[in-house]
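Shown next, in structure tokens, is the structure this report addresses.
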Amino acid sequence: MTLQQAHDFVAESRRLDALIREAGPAALDRVTRFKGWSVEEIVRHLHVWNRGADLSITDEAALLDHVARAGPALMAGQTRTFERDVAPETGRALLDVWRDHFEDMLPRWEVLDPKRRVKWAGPDMSVRSSMTARQMETWSHGQAIYDALGAVRKDTDAIRNIAILGVNTFAWTFTVRSWPVPGQMPQVRLKAPSGVDWTFGEPGAGQVSGDATAFCQVVTQTRNVADTDIGMDGEVARTWMENAQCFAGPPHDPPAAGTRFREA
């Protein structure tokens with residue numbers, strides 16, 4: 001048995017690594033449209049939390065210490081300071097330790113029981129969910145890097161993992177904002193990168209439809225839904241897509257329309 005999500009996470013990481021290396025050393029200093037973070041700061045963020053996820057199966061006590069130290073920094077808005085302390089490498093050295101570590105994770109994670117429970121910053125999660133979360137983080141933060149470097153990402157059907165995460169966190173989008181959760185999720189109909197159709201949920205409570213990549217961009221908050229081709233039929237569908245949040249933590253507003261896009 002091989003955990004496919006582990007392969008999908010590493011494949012996404014490899015593509016992002018190749019993009020940055022091909023762009024050259026100056027690319028690491030490029031400022032992105034994600035909160036003004038540089039490409040280097042995004043790579044460091046991915047590396048630090050890849051390491052955190054890996055600790056959940058290699059050293060649970062170290063993970064809990066990692067999370068405990070991260071908490072105050074996150075609350076104080078000092079995320080980058082904390083991550084620089086954990087991973088002080090810069091430039092090519094940072095790229096190398098990031099790549100070496102995600103490559104090293106694959107043989108450990110691909111053989112695990114997908115249903116095994118592991119610790120995390122929030123509630124425990126399954127091994128499958130942990131790897132999906134790493135893929136989602138790499139894909140979503142990677143979008144800012146692709147945009148800043150003027151590159152077009154060619155997605156594969158592996159983004160189905162992220163689409164499923166977006167569907168599964170329908171209720172979370174409302175709960176995290178202390179809003180009543182609608183009784184039924186709108187049906188989601190998406191066109192995959194391969195051209196096949198993906199359908200989630202049953203008809204009867206409105207519909208969300210469009211390109212799978214655009215849907216994943218909306219639920220990960222790398223695009224405002226107004227900047228995509230996503231169709232929204234019904235009030236619940238519109239409220240969900242205008243506030244969608246597939247990741248944990250406090251409520252976050254999506255980027256304002258027109259603020260996240262690929263640089264020329």
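Order determines the names: the first chain of the structure tokens is A, the second B, and so forth; residues in each chain are numbered 1 upward, and ligands are numbered 1 upward as they are shown.
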
Q | Near-Val208 of chain A list (8 Å; only C-alpha atoms; drop same-chain fewer than 5 positions) as a PyMOL selection string | A | chain A and resi 186-189+230-233+237

Serialized selection, all heavy atoms, as a PDB file, in the first residue's frame:
```pdb
ATOM      1  N   PRO A 186     -24.163  23.192  -1.238  1.00  0.00           N
ATOM      2  CA  PRO A 186     -24.475  23.241  -2.668  1.00  0.00           C
ATOM      3  C   PRO A 186     -23.709  22.151  -3.413  1.00  0.00           C
ATOM      4  O   PRO A 186     -22.606  21.771  -3.010  1.00  0.00           O
ATOM      5  CB  PRO A 186     -23.988  24.629  -3.099  1.00  0.00           C
ATOM      6  CG  PRO A 186     -23.959  25.431  -1.832  1.00  0.00           C
ATOM      7  CD  PRO A 186     -23.597  24.463  -0.749  1.00  0.00           C
ATOM      8  N   GLN A 187     -24.283  21.658  -4.470  1.00  0.00           N
ATOM      9  CA  GLN A 187     -23.553  20.698  -5.297  1.00  0.00           C
ATOM     10  C   GLN A 187     -22.380  21.405  -5.968  1.00  0.00           C
ATOM     11  O   GLN A 187     -22.491  22.561  -6.383  1.00  0.00           O
ATOM     12  CB  GLN A 187     -24.464  20.096  -6.361  1.00  0.00           C
ATOM     13  CG  GLN A 187     -23.811  18.954  -7.133  1.00  0.00           C
ATOM     14  CD  GLN A 187     -24.744  18.338  -8.158  1.00  0.00           C
ATOM     15  OE1 GLN A 187     -25.225  19.033  -9.061  1.00  0.00           O
ATOM     16  NE2 GLN A 187     -25.021  17.053  -8.021  1.00  0.00           N
ATOM     17  N   VAL A 188     -21.246  20.713  -6.057  1.00  0.00           N
ATOM     18  CA  VAL A 188     -20.041  21.274  -6.667  1.00  0.00           C
ATOM     19  C   VAL A 188     -19.736  20.474  -7.934  1.00  0.00           C
ATOM     20  O   VAL A 188     -19.546  19.254  -7.875  1.00  0.00           O
ATOM     21  CB  VAL A 188     -18.849  21.216  -5.696  1.00  0.00           C
ATOM     22  CG1 VAL A 188     -17.580  21.747  -6.374  1.00  0.00           C
ATOM     23  CG2 VAL A 188     -19.150  22.004  -4.424  1.00  0.00           C
ATOM     24  N   ARG A 189     -19.688  21.161  -9.061  1.00  0.00           N
ATOM     25  CA  ARG A 189     -19.395  20.524 -10.349  1.00  0.00           C
ATOM     26  C   ARG A 189     -18.183  21.228 -10.963  1.00  0.00           C
ATOM     27  O   ARG A 189     -18.243  22.424 -11.274  1.00  0.00           O
ATOM     28  CB  ARG A 189     -20.597  20.610 -11.290  1.00  0.00           C
ATOM     29  CG  ARG A 189     -21.837  19.907 -10.743  1.00  0.00           C
ATOM     30  CD  ARG A 189     -23.029  20.065 -11.688  1.00  0.00           C
ATOM     31  NE  ARG A 189     -22.774  19.433 -12.973  1.00  0.00           N
ATOM     32  CZ  ARG A 189     -23.020  18.141 -13.228  1.00  0.00           C
ATOM     33  NH1 ARG A 189     -23.524  17.353 -12.288  1.00  0.00           N
ATOM     34  NH2 ARG A 189     -22.765  17.634 -14.422  1.00  0.00           N
ATOM     35  N   ILE A 230     -15.750  30.899 -11.553  1.00  0.00           N
ATOM     36  CA  ILE A 230     -16.637  30.078 -10.731  1.00  0.00           C
ATOM     37  C   ILE A 230     -18.068  30.608 -10.792  1.00  0.00           C
ATOM     38  O   ILE A 230     -18.325  31.802 -10.538  1.00  0.00           O
ATOM     39  CB  ILE A 230     -16.159  30.028  -9.267  1.00  0.00           C
ATOM     40  CG1 ILE A 230     -14.828  29.272  -9.169  1.00  0.00           C
ATOM     41  CG2 ILE A 230     -17.202  29.379  -8.373  1.00  0.00           C
ATOM     42  CD1 ILE A 230     -14.912  27.808  -9.554  1.00  0.00           C
ATOM     43  N   GLY A 231     -19.011  29.711 -11.119  1.00  0.00           N
ATOM     44  CA  GLY A 231     -20.421  30.056 -11.116  1.00  0.00           C
ATOM     45  C   GLY A 231     -21.042  29.737  -9.765  1.00  0.00           C
ATOM     46  O   GLY A 231     -20.711  28.723  -9.151  1.00  0.00           O
ATOM     47  N   MET A 232     -21.923  30.598  -9.301  1.00  0.00           N
ATOM     48  CA  MET A 232     -22.555  30.423  -7.990  1.00  0.00           C
ATOM     49  C   MET A 232     -24.062  30.567  -8.139  1.00  0.00           C
ATOM     50  O   MET A 232     -24.549  31.660  -8.449  1.00  0.00           O
ATOM     51  CB  MET A 232     -22.012  31.460  -6.994  1.00  0.00           C
ATOM     52  CG  MET A 232     -20.517  31.335  -6.737  1.00  0.00           C
ATOM     53  SD  MET A 232     -19.808  32.802  -5.922  1.00  0.00           S
ATOM     54  CE  MET A 232     -19.749  33.961  -7.323  1.00  0.00           C
ATOM     55  N   ASP A 233     -24.764  29.483  -7.928  1.00  0.00           N
ATOM     56  CA  ASP A 233     -26.220  29.474  -8.052  1.00  0.00           C
ATOM     57  C   ASP A 233     -26.823  29.319  -6.673  1.00  0.00           C
ATOM     58  O   ASP A 233     -26.731  28.257  -6.062  1.00  0.00           O
ATOM     59  CB  ASP A 233     -26.657  28.308  -8.954  1.00  0.00           C
ATOM     60  CG  ASP A 233     -28.170  28.215  -9.083  1.00  0.00           C
ATOM     61  OD1 ASP A 233     -28.847  29.227  -8.815  1.00  0.00           O
ATOM     62  OD2 ASP A 233     -28.666  27.134  -9.423  1.00  0.00           O
ATOM     63  N   ALA A 237     -24.427  29.147  -1.934  1.00  0.00           N
ATOM     64  CA  ALA A 237     -23.252  28.983  -2.786  1.00  0.00           C
ATOM     65  C   ALA A 237     -22.432  30.266  -2.827  1.00  0.00           C
ATOM     66  O   ALA A 237     -21.200  30.248  -2.724  1.00  0.00           O
ATOM     67  CB  ALA A 237     -23.682  28.577  -4.188  1.00  0.00           C
TER      68      ALA A 237
END
```

Q: Extract the full set of helix (DSSP H, G or I) residues from segment 107-215 of chain A according to DSSP on the backbone, and format it as a PyMOL selection string.
A: chain A and resi 107-109+127-148+157-168+170-175+212-215

Within segment 61-155 of chain A, find each residue whose DSSP state, derived from the backbone, is strand (DSSP E or B), and express the selection as a PDB file with N, CA, C and O atoms, in the first residue's frame.
```pdb
ATOM      1  N   ARG A 117      -3.846   8.203  13.228  1.00  0.00           N
ATOM      2  CA  ARG A 117      -4.023   9.544  13.761  1.00  0.00           C
ATOM      3  C   ARG A 117      -2.693  10.123  14.208  1.00  0.00           C
ATOM      4  O   ARG A 117      -1.853   9.423  14.805  1.00  0.00           O
ATOM      5  N   VAL A 118      -2.483  11.394  13.909  1.00  0.00           N
ATOM      6  CA  VAL A 118      -1.258  12.084  14.305  1.00  0.00           C
ATOM      7  C   VAL A 118      -1.618  13.423  14.944  1.00  0.00           C
ATOM      8  O   VAL A 118      -2.661  14.008  14.667  1.00  0.00           O
ATOM      9  N   MET A 125      -5.271  14.609  13.402  1.00  0.00           N
ATOM     10  CA  MET A 125      -5.769  14.352  12.049  1.00  0.00           C
ATOM     11  C   MET A 125      -5.217  13.027  11.554  1.00  0.00           C
ATOM     12  O   MET A 125      -4.301  12.456  12.160  1.00  0.00           O
ATOM     13  N   SER A 126      -5.769  12.555  10.461  1.00  0.00           N
ATOM     14  CA  SER A 126      -5.266  11.322   9.868  1.00  0.00           C
ATOM     15  C   SER A 126      -3.999  11.612   9.078  1.00  0.00           C
ATOM     16  O   SER A 126      -3.722  12.756   8.685  1.00  0.00           O
TER      17      SER A 126
END
```

Please tabulate, as JSON lines, the residues of segment 13-131 of chain A that come within 12 Å of segment 240-252 of chain A, each with its closest pair of atoms and the distance in Å to one decimal, counting only C-alpha atoms and ordering rows by chain, then residue number upward.
```
{"residue": "A:Gly71", "atom": "CA", "partner": "A:Gly249", "partner_atom": "CA", "distance": 11.1}
{"residue": "A:Leu74", "atom": "CA", "partner": "A:Gly249", "partner_atom": "CA", "distance": 10.4}
{"residue": "A:Met75", "atom": "CA", "partner": "A:Pro250", "partner_atom": "CA", "distance": 10.4}
{"residue": "A:Trp120", "atom": "CA", "partner": "A:Ala248", "partner_atom": "CA", "distance": 10.9}
{"residue": "A:Ala121", "atom": "CA", "partner": "A:Ala248", "partner_atom": "CA", "distance": 9.3}
{"residue": "A:Gly122", "atom": "CA", "partner": "A:Ala248", "partner_atom": "CA", "distance": 7.6}
{"residue": "A:Pro123", "atom": "CA", "partner": "A:Ala248", "partner_atom": "CA", "distance": 9.8}
{"residue": "A:Met125", "atom": "CA", "partner": "A:Ala248", "partner_atom": "CA", "distance": 12.0}
{"residue": "A:Ser129", "atom": "CA", "partner": "A:Phe247", "partner_atom": "CA", "distance": 11.6}
{"residue": "A:Ser130", "atom": "CA", "partner": "A:Phe247", "partner_atom": "CA", "distance": 11.8}
```

Q: Check the smallest atom-to-atom distance from each of A:Thr81, A:Thr132, A:Gln184, A:Gln5 to Ile162 of chain A using only C-alpha atoms, then report the winner.
A: A:Thr132

Q. Taking only C-alpha atoms into account, which of A:Met185, A:Gln135, A:Phe215, A:Asp8 comes nearest Pro203 of chain A?
A. A:Met185
